[in-house]
>>> print(open('final-v1.cif').read())   # mmCIF, C-alpha atoms
data_work
#
loop_
_atom_site.label_atom_id
_atom_site.label_comp_id
_atom_site.auth_asym_id
_atom_site.auth_seq_id
_atom_site.Cartn_x
_atom_site.Cartn_y
_atom_site.Cartn_z
CA MET A 567 -34.58 163.13 -144.56
CA ASP A 568 -37.98 164.69 -145.12
CA PHE A 569 -38.41 167.55 -142.66
CA THR A 570 -41.81 168.62 -143.90
CA GLU A 571 -44.50 169.12 -141.26
CA LYS A 572 -47.92 168.17 -142.57
CA THR A 573 -50.90 170.18 -141.37
CA ILE A 574 -53.59 168.10 -139.63
CA LYS A 575 -55.73 171.01 -138.46
CA SER A 576 -55.64 174.76 -138.99
CA GLU A 577 -57.50 177.19 -136.77
CA MET A 578 -57.79 180.93 -137.38
CA ILE A 579 -57.52 182.68 -134.01
CA PHE A 580 -57.59 186.33 -135.11
CA LYS A 581 -58.06 188.31 -138.31
CA GLY A 582 -56.66 191.81 -138.03
CA ARG A 583 -56.06 194.90 -140.09
CA ILE A 584 -52.46 193.91 -140.84
CA ILE A 585 -51.85 190.43 -139.43
CA ASN A 586 -53.80 187.22 -138.85
CA LEU A 587 -52.98 184.63 -136.23
CA ARG A 588 -53.34 180.96 -137.10
CA LEU A 589 -52.77 177.82 -135.05
CA ASP A 590 -51.66 174.78 -137.05
CA THR A 591 -51.55 171.26 -135.65
CA VAL A 592 -48.82 169.38 -137.50
CA HIS A 593 -47.37 165.90 -137.92
CA LEU A 594 -43.65 166.04 -137.11
CA PRO A 595 -41.10 163.97 -139.09
CA ASN A 596 -40.92 161.52 -136.14
CA GLY A 597 -44.69 160.95 -136.25
CA ALA A 598 -45.47 163.01 -133.13
CA GLN A 599 -47.86 165.96 -133.16
CA SER A 600 -47.14 169.57 -132.30
CA THR A 601 -48.77 172.97 -132.74
CA ARG A 602 -47.31 175.92 -134.61
CA GLU A 603 -48.32 179.51 -133.87
CA ILE A 604 -48.24 181.34 -137.18
CA VAL A 605 -48.60 185.06 -137.86
CA GLU A 606 -49.82 185.71 -141.40
CA HIS A 607 -48.58 188.95 -142.94
CA PRO A 608 -49.09 190.21 -146.53
CA GLY A 609 -45.34 190.96 -146.84
CA GLY A 610 -43.60 194.26 -147.35
CA VAL A 611 -41.06 196.23 -149.30
CA GLY A 612 -38.05 198.27 -148.21
CA ILE A 613 -36.23 200.61 -150.56
CA ILE A 614 -32.85 202.23 -149.92
CA PRO A 615 -32.75 205.56 -151.80
CA ILE A 616 -29.21 206.83 -152.45
CA ASN A 617 -28.69 210.37 -153.76
CA GLU A 618 -25.86 211.74 -155.90
CA LYS A 619 -23.82 212.60 -152.77
CA ASN A 620 -23.96 208.92 -151.73
CA GLU A 621 -26.36 209.78 -148.92
CA VAL A 622 -29.33 207.60 -148.00
CA LEU A 623 -32.76 209.09 -147.33
CA MET A 624 -33.64 207.42 -144.03
CA VAL A 625 -36.88 207.76 -142.09
CA ARG A 626 -37.24 208.04 -138.35
CA GLN A 627 -40.47 206.71 -136.89
CA PHE A 628 -41.95 205.45 -133.66
CA ARG A 629 -42.60 201.71 -133.61
CA LYS A 630 -45.21 200.82 -131.04
CA PRO A 631 -44.36 197.09 -130.69
CA VAL A 632 -40.80 197.90 -129.57
CA GLU A 633 -41.68 201.29 -127.97
CA ASP A 634 -38.70 202.79 -129.77
CA ILE A 635 -37.95 205.39 -132.43
CA CYS A 636 -36.27 203.50 -135.27
CA LEU A 637 -34.07 204.81 -138.05
CA GLU A 638 -35.16 202.81 -141.09
CA ILE A 639 -35.14 202.76 -144.85
CA PRO A 640 -38.47 203.80 -146.43
CA ALA A 641 -40.81 200.82 -146.40
CA GLY A 642 -44.39 199.73 -146.43
CA LYS A 643 -46.54 196.69 -146.47
CA LEU A 644 -47.80 195.10 -149.64
CA ASN A 645 -51.44 195.30 -150.51
CA TYR A 646 -52.65 191.79 -151.35
CA GLY A 647 -51.70 191.04 -154.95
CA GLU A 648 -49.58 194.17 -155.33
CA ASP A 649 -46.29 194.01 -157.23
CA PRO A 650 -43.35 194.56 -154.78
CA TYR A 651 -41.53 196.81 -157.25
CA ALA A 652 -44.55 199.12 -157.66
CA CYS A 653 -45.05 199.10 -153.89
CA GLY A 654 -41.42 200.14 -153.33
CA LEU A 655 -41.71 203.10 -155.69
CA ARG A 656 -45.00 204.17 -154.07
CA GLU A 657 -43.59 204.02 -150.53
CA LEU A 658 -40.44 205.85 -151.60
CA GLU A 659 -42.43 208.77 -152.95
CA GLU A 660 -44.99 208.77 -150.11
CA GLU A 661 -42.40 208.80 -147.35
CA THR A 662 -39.53 210.83 -148.83
CA GLY A 663 -41.13 212.85 -151.63
CA TYR A 664 -38.68 211.43 -154.18
CA LYS A 665 -38.95 209.27 -157.27
CA ALA A 666 -36.08 207.28 -158.78
CA LYS A 667 -34.71 206.79 -162.29
CA LYS A 668 -33.01 203.49 -161.43
CA VAL A 669 -34.31 200.76 -159.12
CA GLU A 670 -32.43 197.48 -158.58
CA SER A 671 -33.48 194.43 -156.59
CA LEU A 672 -31.50 193.54 -153.45
CA GLY A 673 -33.39 190.26 -153.06
CA SER A 674 -36.02 189.21 -150.55
CA PHE A 675 -35.95 187.53 -147.15
CA TYR A 676 -38.04 186.15 -144.29
CA SER A 677 -38.04 188.56 -141.33
CA THR A 678 -38.71 185.83 -138.75
CA PRO A 679 -39.54 182.44 -140.29
CA GLY A 680 -39.99 180.78 -136.89
CA PHE A 681 -43.40 182.37 -136.32
CA SER A 682 -44.38 184.45 -139.37
CA ASN A 683 -44.67 184.08 -143.14
CA GLU A 684 -43.69 187.72 -143.71
CA VAL A 685 -41.47 188.20 -146.78
CA LEU A 686 -39.65 191.49 -147.29
CA TYR A 687 -38.49 192.59 -150.73
CA LEU A 688 -35.56 195.00 -150.89
CA TYR A 689 -34.67 197.52 -153.58
CA MET A 690 -31.95 200.10 -154.10
CA ALA A 691 -33.00 203.37 -155.76
CA THR A 692 -30.65 205.84 -157.43
CA GLY A 693 -31.11 208.78 -159.80
CA LEU A 694 -33.51 210.46 -157.35
CA TYR A 695 -35.73 213.37 -158.41
CA LYS A 696 -38.51 215.33 -156.73
CA GLY A 697 -41.98 213.82 -156.54
CA GLU A 698 -44.75 214.43 -154.05
CA LEU A 699 -44.67 213.81 -150.27
CA LYS A 700 -47.84 212.06 -149.08
CA PRO A 701 -47.49 210.07 -145.84
CA ASP A 702 -50.18 207.61 -144.72
CA GLU A 703 -52.76 209.07 -142.36
CA ASP A 704 -51.56 207.21 -139.27
CA GLU A 705 -47.87 207.39 -140.14
CA PHE A 706 -45.54 210.04 -138.73
CA VAL A 707 -42.06 209.99 -140.16
CA GLU A 708 -39.08 212.34 -140.39
CA VAL A 709 -36.72 212.07 -143.35
CA GLU A 710 -32.97 212.44 -142.88
CA ALA A 711 -30.11 212.20 -145.42
CA ILE A 712 -27.19 210.21 -143.97
CA PRO A 713 -24.00 209.16 -145.81
CA LEU A 714 -24.03 205.44 -146.72
CA GLU A 715 -20.55 205.10 -145.18
CA THR A 716 -21.86 206.47 -141.86
CA LEU A 717 -24.83 204.10 -141.95
CA TYR A 718 -22.50 201.18 -142.61
CA GLU A 719 -20.49 202.11 -139.52
CA MET A 720 -23.69 202.51 -137.50
CA VAL A 721 -24.79 199.01 -138.56
CA MET A 722 -21.45 197.47 -137.60
CA LYS A 723 -21.61 199.21 -134.19
CA GLY A 724 -25.22 198.05 -133.66
CA ASP A 725 -26.78 201.52 -133.87
CA ILE A 726 -29.29 200.53 -136.58
CA ARG A 727 -31.70 197.99 -135.12
CA ASP A 728 -34.25 197.25 -137.87
CA ALA A 729 -33.51 194.02 -139.77
CA LYS A 730 -34.54 195.15 -143.28
CA SER A 731 -32.54 198.39 -142.93
CA ILE A 732 -29.43 196.53 -141.71
CA ILE A 733 -29.60 194.13 -144.66
CA ALA A 734 -30.25 196.86 -147.24
CA ILE A 735 -27.40 199.02 -145.91
CA LEU A 736 -24.89 196.14 -145.82
CA LYS A 737 -25.83 194.99 -149.32
CA ALA A 738 -25.89 198.49 -150.84
CA TYR A 739 -22.55 199.30 -149.21
CA GLN A 740 -21.00 196.19 -150.78
CA LEU A 741 -22.48 196.97 -154.19
CA MET A 742 -21.45 200.65 -154.15
CA LYS A 743 -17.88 199.99 -153.11
CA SER A 744 -17.12 196.79 -155.03
CA PRO A 745 -16.55 198.59 -158.39
CA LEU A 746 -13.82 200.61 -156.62
CA ASP A 747 -12.15 197.42 -155.38
CA LYS A 748 -11.71 196.05 -158.87
CA MET B 211 -41.59 216.39 -132.87
CA ASP B 212 -42.79 213.80 -130.37
CA PHE B 213 -43.72 210.65 -132.27
CA THR B 214 -44.63 208.61 -129.23
CA GLU B 215 -47.94 206.75 -129.35
CA LYS B 216 -49.53 206.58 -125.93
CA THR B 217 -51.49 203.46 -125.05
CA ILE B 218 -55.13 204.11 -124.13
CA LYS B 219 -56.22 200.50 -123.92
CA SER B 220 -54.45 197.16 -124.18
CA GLU B 221 -56.23 193.90 -124.85
CA MET B 222 -54.61 190.45 -124.80
CA ILE B 223 -56.13 188.41 -127.65
CA PHE B 224 -54.09 185.21 -127.38
CA LYS B 225 -51.47 183.73 -125.09
CA GLY B 226 -49.49 180.97 -126.78
CA ARG B 227 -46.58 178.67 -126.20
CA ILE B 228 -44.16 181.01 -127.98
CA ILE B 229 -46.01 184.20 -128.87
CA ASN B 230 -48.81 186.35 -127.47
CA LEU B 231 -51.04 188.63 -129.50
CA ARG B 232 -52.01 192.01 -128.06
CA LEU B 233 -54.20 194.78 -129.43
CA ASP B 234 -53.27 198.29 -128.30
CA THR B 235 -55.43 201.34 -128.84
CA VAL B 236 -53.13 204.36 -129.11
CA HIS B 237 -53.21 208.15 -129.27
CA LEU B 238 -51.37 209.25 -132.41
CA PRO B 239 -49.16 212.39 -132.43
CA ASN B 240 -51.97 214.26 -134.24
CA GLY B 241 -54.49 213.42 -131.51
CA ALA B 242 -56.36 210.76 -133.51
CA GLN B 243 -56.76 207.19 -132.33
CA SER B 244 -55.57 204.01 -133.98
CA THR B 245 -55.03 200.36 -133.07
CA ARG B 246 -51.76 198.46 -133.20
CA GLU B 247 -51.61 194.68 -133.58
CA ILE B 248 -48.60 193.52 -131.56
CA VAL B 249 -47.02 190.08 -131.40
CA GLU B 250 -45.12 189.61 -128.14
CA HIS B 251 -42.10 187.30 -128.39
CA PRO B 252 -39.50 186.51 -125.70
CA GLY B 253 -36.65 187.23 -128.15
CA GLY B 254 -34.01 184.92 -129.49
CA VAL B 255 -30.35 184.35 -130.14
CA GLY B 256 -28.46 183.41 -133.30
CA ILE B 257 -24.85 182.29 -133.22
CA ILE B 258 -22.55 181.93 -136.24
CA PRO B 259 -19.98 179.20 -135.50
CA ILE B 260 -16.85 179.43 -137.64
CA ASN B 261 -14.33 176.58 -137.61
CA GLU B 262 -10.55 176.68 -138.22
CA LYS B 263 -11.13 176.15 -141.99
CA ASN B 264 -13.27 179.32 -142.08
CA GLU B 265 -16.40 177.22 -142.57
CA VAL B 266 -19.68 178.01 -140.85
CA LEU B 267 -21.76 175.27 -139.20
CA MET B 268 -25.18 175.98 -140.70
CA VAL B 269 -28.44 174.19 -139.92
CA ARG B 270 -31.13 173.22 -142.37
CA GLN B 271 -34.65 173.04 -141.00
CA PHE B 272 -38.26 173.16 -142.09
CA ARG B 273 -40.06 176.35 -141.10
CA LYS B 274 -43.79 175.82 -141.00
CA PRO B 275 -44.85 179.50 -141.26
CA VAL B 276 -43.09 179.89 -144.62
CA GLU B 277 -43.49 176.20 -145.68
CA ASP B 278 -39.83 176.20 -146.67
CA ILE B 279 -36.59 174.49 -145.70
CA CYS B 280 -34.27 177.27 -144.54
CA LEU B 281 -30.50 177.29 -144.26
CA GLU B 282 -29.85 179.20 -141.04
CA ILE B 283 -27.27 179.83 -138.37
CA PRO B 284 -27.91 177.89 -135.12
CA ALA B 285 -30.49 179.78 -133.08
CA GLY B 286 -33.13 179.49 -130.45
CA LYS B 287 -35.58 181.48 -128.46
CA LEU B 288 -34.77 182.98 -125.10
CA ASN B 289 -36.40 181.59 -122.01
CA TYR B 290 -37.86 184.51 -120.06
CA GLY B 291 -35.08 186.10 -118.02
CA GLU B 292 -32.33 184.07 -119.70
CA ASP B 293 -29.02 185.70 -120.58
CA PRO B 294 -28.64 185.88 -124.41
CA TYR B 295 -24.97 184.87 -124.25
CA ALA B 296 -25.76 181.71 -122.25
CA CYS B 297 -28.67 180.95 -124.59
CA GLY B 298 -26.38 181.25 -127.63
CA LEU B 299 -23.86 178.78 -126.20
CA ARG B 300 -26.63 176.36 -125.27
CA GLU B 301 -28.24 176.46 -128.73
CA LEU B 302 -24.85 176.11 -130.41
CA GLU B 303 -24.13 172.88 -128.52
CA GLU B 304 -27.68 171.52 -128.79
CA GLU B 305 -27.92 172.03 -132.55
CA THR B 306 -24.36 171.43 -133.77
CA GLY B 307 -22.73 169.43 -130.98
CA TYR B 308 -19.95 172.01 -130.63
CA LYS B 309 -18.78 174.38 -127.91
CA ALA B 310 -16.67 177.48 -128.50
CA LYS B 311 -13.58 178.96 -126.86
CA LYS B 312 -14.32 182.48 -128.12
CA VAL B 313 -17.71 184.17 -128.47
CA GLU B 314 -18.09 187.77 -129.63
CA SER B 315 -21.24 189.88 -129.86
CA LEU B 316 -22.46 190.93 -133.32
CA GLY B 317 -25.11 193.20 -131.79
CA SER B 318 -28.87 192.83 -131.62
CA PHE B 319 -31.78 193.86 -133.83
CA TYR B 320 -35.56 193.94 -134.22
CA SER B 321 -36.71 191.29 -136.70
CA THR B 322 -39.89 193.14 -137.66
CA PRO B 323 -40.61 196.19 -135.47
CA GLY B 324 -43.83 197.01 -137.34
CA PHE B 325 -45.77 194.23 -135.65
CA SER B 326 -43.55 192.42 -133.12
CA ASN B 327 -41.28 193.24 -130.19
CA GLU B 328 -38.94 190.34 -131.01
CA VAL B 329 -35.26 191.19 -130.41
CA LEU B 330 -32.57 188.90 -131.81
CA TYR B 331 -29.08 188.84 -130.32
CA LEU B 332 -26.23 187.72 -132.58
CA TYR B 333 -22.92 186.15 -131.67
CA MET B 334 -19.90 184.86 -133.55
CA ALA B 335 -18.24 181.73 -132.16
CA THR B 336 -14.70 180.58 -132.96
CA GLY B 337 -12.30 178.06 -131.42
CA LEU B 338 -14.86 175.28 -131.76
CA TYR B 339 -14.48 171.96 -129.93
CA LYS B 340 -16.67 168.87 -129.53
CA GLY B 341 -19.54 168.97 -127.04
CA GLU B 342 -22.77 167.02 -127.01
CA LEU B 343 -25.54 167.04 -129.67
CA LYS B 344 -29.02 167.30 -128.09
CA PRO B 345 -31.72 168.78 -130.30
CA ASP B 346 -35.10 169.90 -128.90
CA GLU B 347 -37.80 167.23 -129.02
CA ASP B 348 -39.83 168.92 -131.77
CA GLU B 349 -36.86 170.25 -133.72
CA PHE B 350 -35.37 168.44 -136.72
CA VAL B 351 -32.19 169.95 -138.08
CA GLU B 352 -29.31 168.91 -140.31
CA VAL B 353 -25.90 170.47 -139.79
CA GLU B 354 -23.71 171.43 -142.74
CA ALA B 355 -20.26 173.09 -142.87
CA ILE B 356 -20.13 175.75 -145.59
CA PRO B 357 -17.25 178.18 -146.29
CA LEU B 358 -18.01 181.72 -145.05
CA GLU B 359 -16.99 183.06 -148.47
CA THR B 360 -19.59 180.82 -150.16
CA LEU B 361 -22.27 181.92 -147.70
CA TYR B 362 -21.42 185.55 -148.36
CA GLU B 363 -21.92 184.97 -152.09
CA MET B 364 -25.18 183.13 -151.40
CA VAL B 365 -26.42 186.10 -149.35
CA MET B 366 -25.53 188.58 -152.10
CA LYS B 367 -27.35 186.41 -154.66
CA GLY B 368 -30.40 186.08 -152.40
CA ASP B 369 -29.98 182.34 -151.72
CA ILE B 370 -30.06 182.74 -147.91
CA ARG B 371 -33.51 183.96 -146.90
CA ASP B 372 -33.52 184.13 -143.10
CA ALA B 373 -32.93 187.67 -141.74
CA LYS B 374 -30.75 186.80 -138.73
CA SER B 375 -28.56 184.49 -140.84
CA ILE B 376 -28.11 187.15 -143.54
CA ILE B 377 -27.07 189.75 -140.96
CA ALA B 378 -24.71 187.40 -139.10
CA ILE B 379 -23.03 186.26 -142.34
CA LEU B 380 -22.57 189.80 -143.67
CA LYS B 381 -21.19 191.06 -140.35
CA ALA B 382 -18.92 188.05 -139.77
CA TYR B 383 -17.61 188.29 -143.34
CA GLN B 384 -16.70 191.95 -142.81
CA LEU B 385 -15.03 191.22 -139.48
CA MET B 386 -13.05 188.22 -140.78
CA LYS B 387 -11.75 190.01 -143.83
CA SER B 388 -11.14 193.52 -142.48
CA PRO B 389 -7.82 192.58 -140.77
CA LEU B 390 -6.57 191.45 -144.21
CA ASP B 391 -7.56 194.81 -145.72
CA LYS B 392 -5.44 196.79 -143.31
#
>>> encode(input="final-v1.cif", output="structure tokens")
Amino acid sequence: MDFTEKTIKSEMIFKGRIINLRLDTVHLPNGAQSTREIVEHPGGVGIIPINEKNEVLMVRQFRKPVEDICLEIPAGKLNYGEDPYACGLRELEEETGYKAKKVESLGSFYSTPGFSNEVLYLYMATGLYKGELKPDEDEFVEVEAIPLETLYEMVMKGDIRDAKSIIAILKAYQLMKSPLDK
Amino acid sequence: MDFTEKTIKSEMIFKGRIINLRLDTVHLPNGAQSTREIVEHPGGVGIIPINEKNEVLMVRQFRKPVEDICLEIPAGKLNYGEDPYACGLRELEEETGYKAKKVESLGSFYSTPGFSNEVLYLYMATGLYKGELKPDEDEFVEVEAIPLETLYEMVMKGDIRDAKSIIAILKAYQLMKSPLDK
């Protein structure tokens, strides 16, 4: 069965600093028409930095949309055309003041494919060494080193609420402990 | 340090069928002003149904925003004021045709707290039994039973791309195997 929804009409409702809002009229597989509300986003990168004590450098920041202070992995949005890997290294240094000798991909995912095209790329950084702290002008973050094991337990109890951070922690935890299992 | 961003002005740009778009002007912690583009969403529920063979009933559906066919756990958006637990059971039956004897919470999370207030509630359903299939009018899904172990490997390789499905699979996998570890 072909599920594809063909676009009949596309209307740009809003062009913002970070997101755009688009309204697509589509042909459904059954021939009927519907509209899809689509938030365009340039995509982003999250990077989980793990130090030699197996602690993760997490950032705490206020997130206006949810009116909540979130504990998250360092992250930032992609500039259009920017390489996700380069973006991850930049955000890591800007937000935590550290650079990394080793950076591995943890894959990418759609944050909420029902209404946005946002793709998030995840990396794991190890072999950390001092760089230069330089937060964005309208960004206020606090850095905190927390054992990966503790973060894993926090995720399983529901105490970490940001999707990209949950995924990065669960994947990194698996990767760091699996060598011990074998 | 108080990170809170106080709203000075709030402007509704668009009210849609599923999402609204709001523009907030805020006071930053350093006294400067900035704007925040915020997508309001009623929230949603994802439910991972696991049968007696340790297979998960997954749904395949086209997602217009990402122009991609995604393999996801059954899910749906909350009606305003609806209980997430009730919503999960409803979506499970509508999309897969099954009901469940046992439903456990896997917590909740923010899909993308940088630009949306969407909260997703996750549940794990076991003790499945036949109910009635009744998909939404503009929803076209295919159901597929896939071993949880296979899904876990797909997640680790990056072959599952939807955030809520990744989180539900990783959490369910941990919960299903941890009794064996002890």
>>> interface_residues(input="final-v1.cif", of="chain B", to="chain A", cutoff="8 Å", atoms="all atoms listed in the file", output="VMD selection string")
chain B and resid 213 to 215 223 to 224 226 to 229 238 to 239 244 246 to 250 271 to 277 279 316 to 328 348 350 366 to 368 370 to 374 376 to 377 380 to 381
>>> closest_residue(input="final-v1.cif", among="A:Glu670, A:Glu659, A:Asp702, A:Glu648", to="Met690 in chain A", atoms="only C-alpha atoms")
A:Glu670
>>> calpha_fit_and_write(input="final-v1.cif", fixed="chain B", moving="chain A", output="short mmCIF file (atom, residue, chain, number, x, y, z; two decimals) with C-alpha atoms, in the frame of the given file")
data_model
loop_
_atom_site.label_atom_id
_atom_site.label_comp_id
_atom_site.auth_asym_id
_atom_site.auth_seq_id
_atom_site.Cartn_x
_atom_site.Cartn_y
_atom_site.Cartn_z
CA MET A 567 -41.61 216.38 -132.86
CA ASP A 568 -42.80 213.79 -130.37
CA PHE A 569 -43.71 210.63 -132.27
CA THR A 570 -44.61 208.59 -129.22
CA GLU A 571 -47.93 206.75 -129.34
CA LYS A 572 -49.54 206.57 -125.91
CA THR A 573 -51.50 203.45 -125.04
CA ILE A 574 -55.15 204.11 -124.11
CA LYS A 575 -56.24 200.48 -123.93
CA SER A 576 -54.44 197.15 -124.19
CA GLU A 577 -56.25 193.90 -124.87
CA MET A 578 -54.65 190.45 -124.81
CA ILE A 579 -56.15 188.43 -127.67
CA PHE A 580 -54.10 185.22 -127.40
CA LYS A 581 -51.48 183.72 -125.10
CA GLY A 582 -49.51 180.97 -126.80
CA ARG A 583 -46.59 178.67 -126.22
CA ILE A 584 -44.17 181.01 -128.00
CA ILE A 585 -46.03 184.22 -128.88
CA ASN A 586 -48.83 186.36 -127.47
CA LEU A 587 -51.05 188.64 -129.50
CA ARG A 588 -52.02 192.01 -128.07
CA LEU A 589 -54.22 194.78 -129.43
CA ASP A 590 -53.26 198.29 -128.30
CA THR A 591 -55.43 201.34 -128.83
CA VAL A 592 -53.13 204.35 -129.10
CA HIS A 593 -53.20 208.14 -129.25
CA LEU A 594 -51.36 209.25 -132.40
CA PRO A 595 -49.16 212.38 -132.42
CA ASN A 596 -51.96 214.25 -134.26
CA GLY A 597 -54.47 213.41 -131.52
CA ALA A 598 -56.34 210.75 -133.52
CA GLN A 599 -56.75 207.18 -132.32
CA SER A 600 -55.57 203.99 -133.98
CA THR A 601 -55.05 200.34 -133.07
CA ARG A 602 -51.77 198.46 -133.19
CA GLU A 603 -51.60 194.68 -133.58
CA ILE A 604 -48.61 193.54 -131.56
CA VAL A 605 -47.02 190.09 -131.40
CA GLU A 606 -45.12 189.59 -128.14
CA HIS A 607 -42.10 187.31 -128.39
CA PRO A 608 -39.50 186.52 -125.68
CA GLY A 609 -36.65 187.25 -128.14
CA GLY A 610 -34.00 184.93 -129.48
CA VAL A 611 -30.35 184.35 -130.13
CA GLY A 612 -28.45 183.41 -133.29
CA ILE A 613 -24.84 182.29 -133.22
CA ILE A 614 -22.55 181.94 -136.24
CA PRO A 615 -19.98 179.21 -135.48
CA ILE A 616 -16.84 179.44 -137.64
CA ASN A 617 -14.33 176.58 -137.60
CA GLU A 618 -10.57 176.68 -138.23
CA LYS A 619 -11.12 176.16 -141.99
CA ASN A 620 -13.26 179.33 -142.06
CA GLU A 621 -16.39 177.23 -142.56
CA VAL A 622 -19.69 178.00 -140.84
CA LEU A 623 -21.76 175.28 -139.20
CA MET A 624 -25.19 175.98 -140.69
CA VAL A 625 -28.43 174.19 -139.91
CA ARG A 626 -31.12 173.23 -142.37
CA GLN A 627 -34.64 173.04 -140.99
CA PHE A 628 -38.25 173.16 -142.08
CA ARG A 629 -40.06 176.35 -141.10
CA LYS A 630 -43.79 175.82 -141.01
CA PRO A 631 -44.86 179.50 -141.26
CA VAL A 632 -43.08 179.89 -144.62
CA GLU A 633 -43.50 176.21 -145.68
CA ASP A 634 -39.84 176.20 -146.67
CA ILE A 635 -36.59 174.49 -145.69
CA CYS A 636 -34.28 177.28 -144.53
CA LEU A 637 -30.51 177.31 -144.25
CA GLU A 638 -29.84 179.21 -141.03
CA ILE A 639 -27.27 179.84 -138.36
CA PRO A 640 -27.91 177.91 -135.12
CA ALA A 641 -30.50 179.78 -133.08
CA GLY A 642 -33.13 179.48 -130.44
CA LYS A 643 -35.57 181.49 -128.47
CA LEU A 644 -34.77 182.97 -125.10
CA ASN A 645 -36.40 181.59 -122.02
CA TYR A 646 -37.87 184.50 -120.05
CA GLY A 647 -35.08 186.09 -118.02
CA GLU A 648 -32.34 184.05 -119.69
CA ASP A 649 -29.02 185.69 -120.56
CA PRO A 650 -28.65 185.89 -124.41
CA TYR A 651 -24.98 184.87 -124.24
CA ALA A 652 -25.76 181.70 -122.23
CA CYS A 653 -28.67 180.96 -124.57
CA GLY A 654 -26.38 181.25 -127.62
CA LEU A 655 -23.87 178.79 -126.19
CA ARG A 656 -26.66 176.35 -125.26
CA GLU A 657 -28.25 176.46 -128.72
CA LEU A 658 -24.86 176.10 -130.40
CA GLU A 659 -24.13 172.90 -128.52
CA GLU A 660 -27.68 171.53 -128.79
CA GLU A 661 -27.93 172.02 -132.54
CA THR A 662 -24.37 171.43 -133.76
CA GLY A 663 -22.72 169.42 -130.98
CA TYR A 664 -19.95 172.02 -130.63
CA LYS A 665 -18.79 174.37 -127.91
CA ALA A 666 -16.67 177.48 -128.49
CA LYS A 667 -13.59 178.97 -126.85
CA LYS A 668 -14.31 182.49 -128.12
CA VAL A 669 -17.71 184.17 -128.46
CA GLU A 670 -18.09 187.78 -129.63
CA SER A 671 -21.23 189.89 -129.85
CA LEU A 672 -22.46 190.95 -133.31
CA GLY A 673 -25.12 193.21 -131.79
CA SER A 674 -28.88 192.83 -131.61
CA PHE A 675 -31.78 193.88 -133.83
CA TYR A 676 -35.56 193.94 -134.22
CA SER A 677 -36.70 191.27 -136.70
CA THR A 678 -39.89 193.14 -137.66
CA PRO A 679 -40.60 196.18 -135.47
CA GLY A 680 -43.82 197.02 -137.33
CA PHE A 681 -45.78 194.23 -135.65
CA SER A 682 -43.54 192.43 -133.12
CA ASN A 683 -41.28 193.24 -130.18
CA GLU A 684 -38.94 190.34 -131.01
CA VAL A 685 -35.26 191.19 -130.41
CA LEU A 686 -32.57 188.91 -131.80
CA TYR A 687 -29.08 188.85 -130.32
CA LEU A 688 -26.24 187.73 -132.58
CA TYR A 689 -22.91 186.16 -131.66
CA MET A 690 -19.90 184.87 -133.55
CA ALA A 691 -18.23 181.73 -132.15
CA THR A 692 -14.70 180.58 -132.95
CA GLY A 693 -12.30 178.08 -131.40
CA LEU A 694 -14.87 175.28 -131.76
CA TYR A 695 -14.48 171.96 -129.93
CA LYS A 696 -16.67 168.89 -129.53
CA GLY A 697 -19.54 168.98 -127.05
CA GLU A 698 -22.77 167.02 -127.02
CA LEU A 699 -25.53 167.04 -129.68
CA LYS A 700 -28.98 167.30 -128.08
CA PRO A 701 -31.71 168.76 -130.32
CA ASP A 702 -35.07 169.87 -128.90
CA GLU A 703 -37.78 167.22 -129.04
CA ASP A 704 -39.82 168.89 -131.78
CA GLU A 705 -36.83 170.21 -133.71
CA PHE A 706 -35.36 168.41 -136.72
CA VAL A 707 -32.21 169.95 -138.08
CA GLU A 708 -29.31 168.92 -140.31
CA VAL A 709 -25.90 170.48 -139.78
CA GLU A 710 -23.72 171.44 -142.74
CA ALA A 711 -20.26 173.10 -142.85
CA ILE A 712 -20.14 175.77 -145.58
CA PRO A 713 -17.26 178.18 -146.29
CA LEU A 714 -18.01 181.73 -145.05
CA GLU A 715 -17.00 183.08 -148.48
CA THR A 716 -19.60 180.83 -150.16
CA LEU A 717 -22.27 181.93 -147.69
CA TYR A 718 -21.42 185.57 -148.37
CA GLU A 719 -21.93 184.98 -152.09
CA MET A 720 -25.18 183.13 -151.40
CA VAL A 721 -26.43 186.10 -149.35
CA MET A 722 -25.54 188.59 -152.09
CA LYS A 723 -27.34 186.41 -154.67
CA GLY A 724 -30.41 186.07 -152.40
CA ASP A 725 -29.98 182.35 -151.72
CA ILE A 726 -30.07 182.76 -147.92
CA ARG A 727 -33.51 183.98 -146.91
CA ASP A 728 -33.51 184.15 -143.10
CA ALA A 729 -32.92 187.68 -141.75
CA LYS A 730 -30.75 186.80 -138.72
CA SER A 731 -28.55 184.51 -140.84
CA ILE A 732 -28.10 187.16 -143.55
CA ILE A 733 -27.07 189.76 -140.96
CA ALA A 734 -24.71 187.41 -139.10
CA ILE A 735 -23.04 186.26 -142.33
CA LEU A 736 -22.57 189.81 -143.67
CA LYS A 737 -21.19 191.06 -140.36
CA ALA A 738 -18.90 188.06 -139.77
CA TYR A 739 -17.62 188.29 -143.35
CA GLN A 740 -16.70 191.95 -142.81
CA LEU A 741 -15.01 191.22 -139.49
CA MET A 742 -13.05 188.21 -140.79
CA LYS A 743 -11.75 189.96 -143.87
CA SER A 744 -11.13 193.47 -142.53
CA PRO A 745 -7.81 192.54 -140.81
CA LEU A 746 -6.56 191.41 -144.25
CA ASP A 747 -7.52 194.76 -145.78
CA LYS A 748 -5.36 196.72 -143.39
#
>>> resolve_selection(input="final-v1.cif", expression="the PyMOL selection byres ((chain A and resi 697) around 8)", output="list of chain:residue names")
A:Glu659, A:Gly663, A:Tyr664, A:Lys665, A:Tyr695, A:Lys696, A:Glu698, A:Leu699
>>> resolve_selection(input="final-v1.cif", expression="the PyMOL selection byres ((chain B and resi 357) around 9)", output="list in words")
Ile260, Lys263, Asn264, Glu265, Val266, Leu267, Ala355, Ile356, Leu358, Glu359, Thr360, Leu361 and Tyr362 of chain B
